[in-house]
file query-v6.cif (mmCIF, C-alpha atoms)
data_data
loop_
_atom_site.label_atom_id
_atom_site.label_comp_id
_atom_site.auth_asym_id
_atom_site.auth_seq_id
_atom_site.Cartn_x
_atom_site.Cartn_y
_atom_site.Cartn_z
CA MET A 1 -195.83 -12.65 44.93
CA LYS A 2 -192.34 -11.30 44.54
CA SER A 3 -191.22 -10.48 41.04
CA LEU A 4 -188.31 -12.27 39.36
CA ALA A 5 -186.37 -8.98 39.41
CA THR A 6 -186.72 -8.75 43.20
CA VAL A 7 -185.65 -12.35 43.70
CA GLY A 8 -182.71 -11.90 41.34
CA PHE A 9 -181.53 -8.77 43.19
CA ALA A 10 -181.67 -10.57 46.55
CA VAL A 11 -179.54 -13.44 45.20
CA VAL A 12 -176.94 -11.04 43.77
CA LEU A 13 -176.83 -9.13 47.08
CA ARG A 14 -176.19 -12.32 49.06
CA VAL A 15 -173.37 -13.29 46.68
CA LEU A 16 -171.74 -9.86 47.03
CA LEU A 17 -171.93 -9.98 50.83
CA ALA A 18 -170.40 -13.46 50.88
CA GLY A 19 -167.57 -12.25 48.63
CA LEU A 20 -166.84 -9.27 50.90
CA ALA A 21 -166.75 -11.56 53.93
CA LEU A 22 -164.21 -13.84 52.22
CA GLN A 23 -162.08 -10.85 51.21
CA ALA A 24 -162.10 -9.45 54.77
CA SER A 25 -161.06 -12.84 56.11
CA ALA A 26 -158.12 -13.06 53.70
CA THR A 27 -157.03 -9.48 54.45
CA ALA A 28 -156.96 -10.26 58.16
CA GLY A 29 -154.38 -12.95 57.47
CA SER A 30 -156.49 -15.69 59.02
CA VAL A 31 -155.63 -18.24 56.30
CA PRO A 32 -153.35 -20.88 57.86
CA GLY A 33 -149.79 -20.75 56.50
CA THR A 34 -150.13 -17.17 55.22
CA LEU A 35 -147.65 -14.47 56.27
CA THR A 36 -148.37 -10.78 55.75
CA LEU A 37 -145.13 -8.79 55.44
CA LYS A 38 -144.52 -5.28 56.75
CA THR A 39 -143.79 -2.33 54.48
CA LEU A 40 -141.18 -0.86 56.85
CA VAL A 41 -139.10 -2.72 59.43
CA GLN A 42 -137.28 -0.75 62.13
CA ILE A 43 -134.53 -2.74 63.80
CA SER A 44 -131.87 -2.13 66.43
CA ALA A 45 -130.14 -5.53 66.37
CA ASP A 46 -127.40 -6.64 63.96
CA GLU A 47 -129.59 -9.27 62.29
CA VAL A 48 -133.09 -9.03 60.80
CA THR A 49 -135.21 -12.12 61.51
CA LEU A 50 -138.38 -13.45 59.89
CA ALA A 51 -140.34 -12.39 62.98
CA ASP A 52 -139.20 -8.79 62.42
CA MET A 53 -140.58 -8.88 58.84
CA VAL A 54 -144.03 -10.31 59.58
CA ALA A 55 -147.04 -8.16 60.50
CA SER A 56 -149.69 -10.88 60.80
CA ARG A 57 -150.29 -13.23 63.70
CA THR A 58 -148.29 -16.45 63.61
CA GLU A 59 -149.01 -20.02 64.64
CA PRO A 60 -147.07 -22.13 67.19
CA GLY A 61 -143.87 -23.47 65.67
CA PHE A 62 -143.37 -20.38 63.50
CA PRO A 63 -139.60 -20.07 62.71
CA GLY A 64 -139.38 -16.44 63.79
CA GLY A 65 -135.67 -16.67 64.61
CA LEU A 66 -134.70 -17.41 60.99
CA VAL A 67 -132.20 -14.71 59.91
CA VAL A 68 -133.29 -12.95 56.72
CA CYS A 69 -130.42 -10.46 56.32
CA HIS A 70 -127.90 -8.26 58.12
CA SER A 71 -129.10 -4.89 59.40
CA PRO A 72 -127.95 -1.80 57.48
CA GLU A 73 -125.67 0.84 58.98
CA GLN A 74 -127.25 3.08 61.59
CA GLY A 75 -129.53 5.69 60.09
CA THR A 76 -129.63 4.04 56.64
CA LEU A 77 -132.08 1.89 54.69
CA ARG A 78 -131.86 -1.36 52.77
CA THR A 79 -134.57 -3.22 50.88
CA VAL A 80 -135.48 -6.90 50.92
CA SER A 81 -137.80 -8.31 48.25
CA LEU A 82 -140.71 -10.65 48.84
CA ALA A 83 -139.05 -12.98 46.33
CA GLU A 84 -135.86 -13.13 48.44
CA ILE A 85 -137.87 -14.17 51.50
CA ALA A 86 -139.72 -16.80 49.45
CA ILE A 87 -136.39 -18.27 48.29
CA LEU A 88 -135.11 -18.34 51.88
CA LEU A 89 -138.23 -20.18 53.07
CA LYS A 90 -137.94 -22.71 50.25
CA LYS A 91 -134.25 -23.26 51.09
CA HIS A 92 -135.28 -24.29 54.62
CA ASP A 93 -138.23 -26.43 53.39
CA LEU A 94 -140.78 -24.04 54.91
CA GLU A 95 -144.15 -23.72 53.15
CA TYR A 96 -145.87 -20.37 53.58
CA ILE A 97 -147.96 -18.13 51.35
CA LEU A 98 -146.48 -14.61 51.38
CA GLN A 99 -148.57 -11.49 50.90
CA GLY A 100 -147.82 -7.79 51.24
CA PRO A 101 -145.41 -5.37 49.52
CA LEU A 102 -143.00 -6.64 46.87
CA GLN A 103 -140.20 -4.59 48.50
CA ILE A 104 -139.73 -4.25 52.27
CA SER A 105 -137.63 -1.37 53.62
CA VAL A 106 -135.38 -2.15 56.61
CA MET A 107 -134.07 0.75 58.70
CA ARG A 108 -131.48 0.58 61.48
CA ALA A 109 -132.84 2.67 64.33
CA SER A 110 -130.58 5.54 65.34
CA ARG A 111 -130.59 9.05 66.71
CA LYS A 112 -128.30 12.05 66.71
CA VAL A 113 -126.14 12.87 69.70
CA SER A 114 -127.26 16.18 71.23
CA VAL A 115 -125.54 18.74 73.43
CA ALA A 116 -127.95 17.71 76.19
CA ASP A 117 -126.38 14.23 76.15
CA LEU A 118 -122.88 15.61 76.76
CA LYS A 119 -123.29 18.68 78.94
CA PRO A 120 -123.85 16.81 82.25
CA LEU A 121 -120.57 14.92 81.73
CA ILE A 122 -118.66 18.14 81.12
CA VAL A 123 -120.26 19.86 84.12
CA SER A 124 -119.42 16.93 86.40
CA ALA A 125 -115.79 16.87 85.23
CA LEU A 126 -115.43 20.65 85.61
CA GLN A 127 -116.81 20.63 89.15
CA SER A 128 -114.12 18.19 90.21
CA ALA A 129 -111.41 20.45 88.76
CA ASP A 130 -112.76 23.97 89.39
CA THR A 131 -116.04 24.57 91.20
CA ASN A 132 -116.23 28.09 89.73
CA ALA A 133 -116.04 26.94 86.10
CA ARG A 134 -119.17 27.64 84.05
CA ILE A 135 -120.03 26.49 80.52
CA ALA A 136 -120.94 29.17 77.98
CA GLU A 137 -121.38 26.99 74.87
CA VAL A 138 -120.96 23.40 73.62
CA GLN A 139 -120.74 22.62 69.90
CA LEU A 140 -120.63 19.22 68.20
CA GLN A 141 -118.21 19.16 65.28
CA ALA A 142 -120.34 16.78 63.19
CA ALA A 143 -123.67 14.96 63.23
CA ILE A 144 -123.04 11.78 65.23
CA LEU A 145 -125.50 8.89 64.90
CA VAL A 146 -125.79 6.29 67.65
CA GLY A 147 -128.10 3.39 68.43
CA ASN A 148 -130.85 3.19 71.02
CA ASP A 149 -130.09 3.89 74.69
CA PRO A 150 -126.42 4.83 74.24
CA GLY A 151 -123.99 5.32 77.10
CA PHE A 152 -121.58 8.28 76.97
CA LYS A 153 -118.17 8.77 78.56
CA LEU A 154 -115.87 11.81 78.60
CA LEU A 155 -112.35 10.76 77.63
CA LYS A 156 -110.40 14.02 77.64
CA PHE A 157 -110.93 17.76 78.05
CA ARG A 158 -108.21 20.31 77.26
CA PHE A 159 -107.71 23.88 76.04
CA ASP A 160 -106.71 24.38 72.40
CA PRO A 161 -104.91 27.72 71.97
CA ALA A 162 -105.27 27.52 68.18
CA ILE A 163 -109.05 28.03 68.38
CA GLN A 164 -109.20 29.59 71.87
CA LYS A 165 -111.70 26.96 72.96
CA TYR A 166 -111.67 23.68 74.82
CA ARG A 167 -111.84 20.35 73.02
CA ALA A 168 -113.73 17.47 74.61
CA TRP A 169 -113.41 13.85 73.43
CA PHE A 170 -116.21 11.36 74.09
CA ILE A 171 -117.02 7.72 73.44
CA ALA A 172 -120.60 6.50 72.87
CA THR A 173 -121.44 2.84 73.40
CA SER A 174 -124.66 1.31 72.06
CA GLU A 175 -125.52 -2.26 71.08
CA LEU A 176 -121.91 -3.45 71.26
CA ARG A 177 -120.73 -0.61 68.99
CA LYS A 178 -118.39 2.16 70.12
CA THR A 179 -118.12 5.57 68.46
CA THR A 180 -115.55 8.23 69.37
CA PHE A 181 -116.18 11.88 68.56
CA ALA A 182 -115.25 15.40 69.67
CA ALA A 183 -116.95 18.64 70.64
CA THR A 184 -115.74 22.18 71.33
CA VAL A 185 -116.54 23.90 74.61
CA THR A 186 -116.40 27.58 75.54
CA LEU A 187 -116.19 28.46 79.23
CA GLU A 188 -117.21 31.75 80.75
CA ARG A 189 -114.51 34.40 81.09
CA GLY A 190 -112.21 34.25 84.08
CA THR A 191 -111.97 30.46 84.25
CA THR A 192 -108.46 29.15 84.90
CA PRO A 193 -107.25 26.87 82.06
CA ILE A 194 -108.29 23.29 82.80
CA GLU A 195 -107.17 19.93 81.45
CA ILE A 196 -109.00 16.76 82.42
CA ASN A 197 -108.10 13.16 81.63
CA ALA A 198 -110.60 10.46 82.50
CA ALA A 199 -109.28 7.23 84.01
CA ASP A 200 -107.09 5.51 81.41
CA ALA A 201 -108.33 8.07 78.87
CA SER A 202 -104.87 9.09 77.72
CA GLN A 203 -104.08 5.49 76.83
CA GLN A 204 -107.41 5.05 75.02
CA ALA A 205 -107.08 8.37 73.18
CA SER A 206 -103.55 7.66 72.02
CA SER A 207 -104.62 4.31 70.58
CA LEU A 208 -107.32 6.09 68.57
CA LEU A 209 -105.21 8.96 67.20
CA VAL A 210 -104.95 7.56 63.68
CA LEU A 211 -108.47 6.38 62.88
CA VAL A 212 -108.24 5.87 59.10
CA HIS A 213 -105.21 4.69 57.16
CA ARG A 214 -104.00 5.40 53.64
CA GLY A 215 -104.97 2.50 51.37
CA GLY A 216 -107.57 1.25 53.85
CA THR A 217 -111.34 1.06 53.50
CA ALA A 218 -113.73 3.19 55.57
CA MET A 219 -117.43 4.06 55.54
CA MET A 220 -118.41 7.62 54.62
CA GLN A 221 -121.71 9.32 55.50
CA LEU A 222 -123.32 11.30 52.67
CA GLN A 223 -126.10 13.69 53.62
CA GLY A 224 -128.20 15.97 51.43
CA ASP A 225 -131.68 17.44 51.09
CA GLY A 226 -134.03 14.57 51.89
CA PHE A 227 -131.53 11.73 51.73
CA SER A 228 -128.67 10.11 53.60
CA ALA A 229 -126.44 7.17 52.77
CA THR A 230 -123.30 5.43 53.96
CA ILE A 231 -120.88 4.24 51.27
CA PRO A 232 -117.52 2.42 51.26
CA VAL A 233 -114.53 4.58 50.30
CA LEU A 234 -110.79 4.15 49.81
CA CYS A 235 -108.72 6.39 52.07
CA LEU A 236 -106.02 8.29 50.16
CA GLU A 237 -104.22 9.47 53.31
CA ASP A 238 -104.00 8.83 57.05
CA GLY A 239 -106.46 10.70 59.23
CA ARG A 240 -106.85 11.57 62.90
CA GLU A 241 -110.07 12.43 64.67
CA THR A 242 -111.81 15.59 63.34
CA THR A 243 -109.20 16.08 60.56
CA LEU A 244 -110.06 16.28 56.85
CA VAL A 245 -108.75 13.61 54.50
CA ARG A 246 -109.07 12.78 50.80
CA VAL A 247 -111.06 9.64 49.96
CA ARG A 248 -112.35 7.94 46.80
CA ASP A 249 -115.81 6.43 46.34
CA LYS A 250 -115.18 2.80 45.40
CA ALA A 251 -118.22 2.67 43.10
CA SER A 252 -118.15 6.01 41.24
CA LYS A 253 -114.37 6.67 41.59
CA ARG A 254 -115.16 10.26 42.66
CA ASN A 255 -112.87 11.94 45.17
CA TYR A 256 -114.16 13.65 48.32
CA ARG A 257 -112.86 15.64 51.26
CA ALA A 258 -114.21 13.99 54.40
CA GLN A 259 -113.97 14.60 58.14
CA VAL A 260 -112.84 11.74 60.35
CA LEU A 261 -115.51 10.93 62.94
CA ALA A 262 -114.34 7.62 64.39
CA ARG A 263 -112.35 4.55 63.48
CA GLU A 264 -113.07 3.81 59.79
CA LEU A 265 -115.99 6.28 59.79
CA LEU A 266 -116.05 9.62 57.96
CA ARG A 267 -118.50 12.36 56.92
CA ALA A 268 -118.39 13.87 53.42
CA VAL A 269 -117.62 17.61 53.43
CA SER A 270 -117.08 18.37 49.74
CA ARG A 271 -116.60 16.65 46.38
CA GLU A 272 -113.40 17.23 44.43
CA ASN A 273 -114.44 15.96 40.99
#
call {"tool": "encode", "arguments": {"input": "query-v6.cif", "output": "structure tokens"}}
result
Amino acid sequence: MKSLATVGFAVVLRVLLAGLALQASATAGSVPGTLTLKTLVQISADEVTLADMVASRTEPGFPGGLVVCHSPEQGTLRTVSLAEIAILLKKHDLEYILQGPLQISVMRASRKVSVADLKPLIVSALQSADTNARIAEVQLQAAILVGNDPGFKLLKFRFDPAIQKYRAWFIATSELRKTTFAATVTLERGTTPIEINAADASQQASSLLVLVHRGGTAMMQLQGDGFSATIPVLCLEDGRETTLVRVRDKASKRNYRAQVLARELLRAVSREN
């Protein structure tokens, strides 16, 4: 005959196993009407939808197209709280149980433009002007962030006697956004001075000469050890592409020197106060 202690242990064991089974079922998100949220959402579109935020499987009729928020600037993060999503669902008379992190990080997917992206365009343009021209070096004048699968176009290529190098102007197009930027190019010795204008490039370049205006608002990229951010600033002077201008952080009222990257886009170089 089994002792009471043995019987009691067997009962406790069965209860524990049943509890673990229930916990595993809940963790798997199998409870109807329960949504498990992601910790990190990587997005390339302009809007973040409910489907982007959810990690668990969903049932037919799930309102995945419901817009939760706007995407942040490329290469930056924003956070959305579980409470904000709950309020949005309630506003649309949607009943779901939410589980997961209290704060969800949303990141706009981006990558840096590399010399490898640009060199084939320069080589192709040079071959049409001088088959003997050879590239010695290409340097980007700033870190340029673009979206996924960007398309690049060479706008203009000319010699700048002030720096004894060539300047090349490009435009990158990704996800309906256009970014103009410049690079410097050194050709091997003995190359005849070359100037190249892409089709209609002179007209496009002239329309983009002044990219930030005094008294206007622009976005400035701040980069440091282990962090990056994009903040709104007030421009204190007009600025053309690659030039340095004075700007003021709208939140902290600090002044910066920033390099003009594109229309209403700058990169912080130094802080003045």
call {"tool": "atom_distance", "arguments": {"input": "query-v6.cif", "atom1": "CA of Ser56 in chain A", "atom2": "CA of Leu35 in chain A"}}
result
6.1 Å
call {"tool": "residues_around", "arguments": {"input": "query-v6.cif", "residues": "range 40-47 of chain A", "least_positions_apart": "2", "cutoff": "6 Å", "atoms": "all atoms listed in the file", "output": "list in words"}}
result
Lys38, His70, Ser71, Ile104, Ser105, Val106, Met107, Arg108 and Ala109 of chain A
call {"tool": "closest_residue", "arguments": {"input": "query-v6.cif", "among": "A:Val123, A:Leu88, A:Leu187, A:Val115", "to": "Ala142 in chain A", "atoms": "all atoms listed in the file"}}
result
A:Val115
call {"tool": "resolve_selection", "arguments": {"input": "query-v6.cif", "expression": "the PyMOL selection byres ((chain A and resi 272) around 9)", "output": "ChimeraX atom specification"}}
result
/A:246,254-257,270-271,273
call {"tool": "closest_residue", "arguments": {"input": "query-v6.cif", "among": "A:Val260, A:Ile231, A:Leu98, A:Leu118", "to": "Glu137 in chain A", "atoms": "all atoms listed in the file"}}
result
A:Leu118
call {"tool": "axis_aligned_box", "arguments": {"input": "query-v6.cif", "around": "range 213-218 of chain A", "padding_each_side": "5 Å", "output": "JSON"}}
result
{"center_x": -108.9, "center_y": 3.2, "center_z": 54.3, "size_x": 19.7, "size_y": 14.3, "size_z": 15.8}
call {"tool": "residues_near_point", "arguments": {"input": "query-v6.cif", "point": "(-115.5, 21.7, 75.2)", "cutoff": "6 Å", "atoms": "all atoms listed in the file", "output": "compact mmCIF listing (two decimals) with C-alpha atoms, keeping the file's coordinate frame"}}
result
# COMPACT_ATOMS: atom_id res chain seq x y z
CA VAL A 138 -120.96 23.40 73.62
CA TYR A 166 -111.67 23.68 74.82
CA ARG A 167 -111.84 20.35 73.02
CA ALA A 168 -113.73 17.47 74.61
CA ALA A 183 -116.95 18.64 70.64
CA THR A 184 -115.74 22.18 71.33
CA VAL A 185 -116.54 23.90 74.61
CA THR A 186 -116.40 27.58 75.54
call {"tool": "resolve_selection", "arguments": {"input": "query-v6.cif", "expression": "the PyMOL selection byres ((chain A and resi 222) around 10)", "output": "list in words"}}
result
Met219, Met220, Gln221, Gln223, Gly224, Phe227, Ser228, Ala229, Thr230, Ile231, Ala258, Leu266, Arg267, Ala268, Val269 and Ser270 of chain A
call {"tool": "closest_residue", "arguments": {"input": "query-v6.cif", "among": "A:Val210, A:Leu37, A:Ala55, A:Ala218", "to": "Thr243 in chain A", "atoms": "all atoms listed in the file"}}
result
A:Val210
call {"tool": "atom_distance", "arguments": {"input": "query-v6.cif", "atom1": "CA of Ala83 in chain A", "atom2": "CA of Met53 in chain A"}}
result
13.3 Å
call {"tool": "atom_distance", "arguments": {"input": "query-v6.cif", "atom1": "CA of Ala172 in chain A", "atom2": "CA of Gln127 in chain A"}}
result
21.9 Å
call {"tool": "closest_residue", "arguments": {"input": "query-v6.cif", "among": "A:Val113, A:Ile97, A:Glu195, A:Lys156", "to": "Gln139 in chain A", "atoms": "all atoms listed in the file"}}
result
A:Val113
call {"tool": "resolve_selection", "arguments": {"input": "query-v6.cif", "expression": "the PyMOL selection byres ((chain A and resi 235) around 6)", "output": "PyMOL selection string"}}
result
chain A and resi 214-216+234+236-237+247
call {"tool": "write_last_selection", "arguments": {"input": "query-v6.cif", "atoms": "C-alpha atoms", "output": "PDB file, in the coordinates of the input"}}
result
ATOM      1  CA  ARG A 214    -104.000   5.400  53.640  1.00  0.00           C
ATOM      2  CA  GLY A 215    -104.970   2.500  51.370  1.00  0.00           C
ATOM      3  CA  GLY A 216    -107.570   1.250  53.850  1.00  0.00           C
ATOM      4  CA  LEU A 234    -110.790   4.150  49.810  1.00  0.00           C
ATOM      5  CA  LEU A 236    -106.020   8.290  50.160  1.00  0.00           C
ATOM      6  CA  GLU A 237    -104.220   9.470  53.310  1.00  0.00           C
ATOM      7  CA  VAL A 247    -111.060   9.640  49.960  1.00  0.00           C
TER       8      VAL A 247
END
call {"tool": "residues_around", "arguments": {"input": "query-v6.cif", "residues": "Glu188 in chain A", "least_positions_apart": "3", "cutoff": "6 Å", "atoms": "only C-alpha atoms", "output": "MDAnalysis selection string"}}
result
chainID A and resid 134:136
call {"tool": "write_last_selection", "arguments": {"input": "query-v6.cif", "atoms": "C-alpha atoms", "output": "short mmCIF file (atom, residue, chain, number, x, y, z; two decimals), in the frame of the given file"}}
result
data_model
loop_
_atom_site.label_atom_id
_atom_site.label_comp_id
_atom_site.auth_asym_id
_atom_site.auth_seq_id
_atom_site.Cartn_x
_atom_site.Cartn_y
_atom_site.Cartn_z
CA ARG A 134 -119.17 27.64 84.05
CA ILE A 135 -120.03 26.49 80.52
CA ALA A 136 -120.94 29.17 77.98
#
call {"tool": "closest_residue", "arguments": {"input": "query-v6.cif", "among": "A:Ser81, A:Ser110, A:Thr76, A:Thr49", "to": "Pro63 in chain A", "atoms": "only C-alpha atoms"}}
result
A:Thr49
call {"tool": "closest_residue", "arguments": {"input": "query-v6.cif", "among": "A:Gln141, A:Asn132, A:Thr39, A:Thr34", "to": "Gln99 in chain A", "atoms": "all atoms listed in the file"}}
result
A:Thr34
call {"tool": "residues_around", "arguments": {"input": "query-v6.cif", "residues": "Leu261 in chain A", "least_positions_apart": "3", "cutoff": "6 Å", "atoms": "all atoms listed in the file", "output": "PyMOL selection string"}}
result
chain A and resi 181+241-242+265-266
call {"tool": "decode", "arguments": {"input": "query-v6.cif", "residues": "range 248-266 of chain A", "atoms": "N, CA, C and O atoms", "output": "mmCIF file, in the first residue's frame"}}
result
data_model
loop_
_atom_site.group_PDB
_atom_site.id
_atom_site.type_symbol
_atom_site.label_atom_id
_atom_site.label_comp_id
_atom_site.auth_asym_id
_atom_site.auth_seq_id
_atom_site.Cartn_x
_atom_site.Cartn_y
_atom_site.Cartn_z
ATOM 1 N N ARG A 248 20.309 76.978 -34.188
ATOM 2 C CA ARG A 248 19.976 76.963 -32.761
ATOM 3 C C ARG A 248 19.002 75.819 -32.487
ATOM 4 O O ARG A 248 17.965 75.702 -33.156
ATOM 5 N N ASP A 249 19.353 74.994 -31.514
ATOM 6 C CA ASP A 249 18.478 73.912 -31.074
ATOM 7 C C ASP A 249 17.213 74.526 -30.478
ATOM 8 O O ASP A 249 17.268 75.316 -29.535
ATOM 9 N N LYS A 250 16.060 74.161 -31.022
ATOM 10 C CA LYS A 250 14.806 74.765 -30.573
ATOM 11 C C LYS A 250 14.464 74.403 -29.129
ATOM 12 O O LYS A 250 13.790 75.168 -28.434
ATOM 13 N N ALA A 251 14.930 73.247 -28.658
ATOM 14 C CA ALA A 251 14.599 72.819 -27.297
ATOM 15 C C ALA A 251 15.560 73.402 -26.267
ATOM 16 O O ALA A 251 15.135 74.013 -25.290
ATOM 17 N N SER A 252 16.866 73.237 -26.482
ATOM 18 C CA SER A 252 17.857 73.670 -25.485
ATOM 19 C C SER A 252 18.346 75.095 -25.688
ATOM 20 O O SER A 252 18.996 75.656 -24.808
ATOM 21 N N LYS A 253 18.058 75.701 -26.862
ATOM 22 C CA LYS A 253 18.504 77.053 -27.225
ATOM 23 C C LYS A 253 20.019 77.140 -27.402
ATOM 24 O O LYS A 253 20.585 78.235 -27.446
ATOM 25 N N ARG A 254 20.696 75.999 -27.530
ATOM 26 C CA ARG A 254 22.137 75.999 -27.777
ATOM 27 C C ARG A 254 22.405 76.242 -29.256
ATOM 28 O O ARG A 254 21.646 75.797 -30.117
ATOM 29 N N ASN A 255 23.514 76.912 -29.530
ATOM 30 C CA ASN A 255 23.910 77.198 -30.911
ATOM 31 C C ASN A 255 24.944 76.176 -31.387
ATOM 32 O O ASN A 255 25.822 75.759 -30.611
ATOM 33 N N TYR A 256 24.840 75.809 -32.658
ATOM 34 C CA TYR A 256 25.760 74.850 -33.264
ATOM 35 C C TYR A 256 26.267 75.393 -34.600
ATOM 36 O O TYR A 256 25.638 76.252 -35.219
ATOM 37 N N ARG A 257 27.412 74.853 -35.018
ATOM 38 C CA ARG A 257 27.859 74.982 -36.408
ATOM 39 C C ARG A 257 27.510 73.666 -37.079
ATOM 40 O O ARG A 257 27.835 72.586 -36.572
ATOM 41 N N ALA A 258 26.820 73.728 -38.198
ATOM 42 C CA ALA A 258 26.355 72.500 -38.855
ATOM 43 C C ALA A 258 26.619 72.561 -40.349
ATOM 44 O O ALA A 258 26.599 73.649 -40.955
ATOM 45 N N GLN A 259 26.876 71.410 -40.935
ATOM 46 C CA GLN A 259 27.116 71.316 -42.381
ATOM 47 C C GLN A 259 25.812 70.985 -43.090
ATOM 48 O O GLN A 259 25.051 70.121 -42.645
ATOM 49 N N VAL A 260 25.562 71.673 -44.179
ATOM 50 C CA VAL A 260 24.348 71.460 -44.958
ATOM 51 C C VAL A 260 24.521 70.197 -45.802
ATOM 52 O O VAL A 260 25.450 70.098 -46.602
ATOM 53 N N LEU A 261 23.610 69.235 -45.618
ATOM 54 C CA LEU A 261 23.663 67.980 -46.360
ATOM 55 C C LEU A 261 22.666 67.955 -47.518
ATOM 56 O O LEU A 261 22.971 67.462 -48.596
ATOM 57 N N ALA A 262 21.477 68.454 -47.256
ATOM 58 C CA ALA A 262 20.412 68.434 -48.262
ATOM 59 C C ALA A 262 19.391 69.487 -47.856
ATOM 60 O O ALA A 262 19.602 70.235 -46.894
ATOM 61 N N ARG A 263 18.309 69.563 -48.620
ATOM 62 C CA ARG A 263 17.289 70.553 -48.292
ATOM 63 C C ARG A 263 16.740 70.295 -46.889
ATOM 64 O O ARG A 263 16.221 69.216 -46.588
ATOM 65 N N GLU A 264 16.898 71.312 -46.013
ATOM 66 C CA GLU A 264 16.406 71.273 -44.634
ATOM 67 C C GLU A 264 16.993 70.102 -43.837
ATOM 68 O O GLU A 264 16.346 69.584 -42.924
ATOM 69 N N LEU A 265 18.215 69.699 -44.179
ATOM 70 C CA LEU A 265 18.892 68.631 -43.440
ATOM 71 C C LEU A 265 20.348 69.025 -43.217
ATOM 72 O O LEU A 265 21.060 69.381 -44.165
ATOM 73 N N LEU A 266 20.795 68.951 -41.949
ATOM 74 C CA LEU A 266 22.149 69.341 -41.600
ATOM 75 C C LEU A 266 22.792 68.285 -40.708
ATOM 76 O O LEU A 266 22.124 67.407 -40.163
#
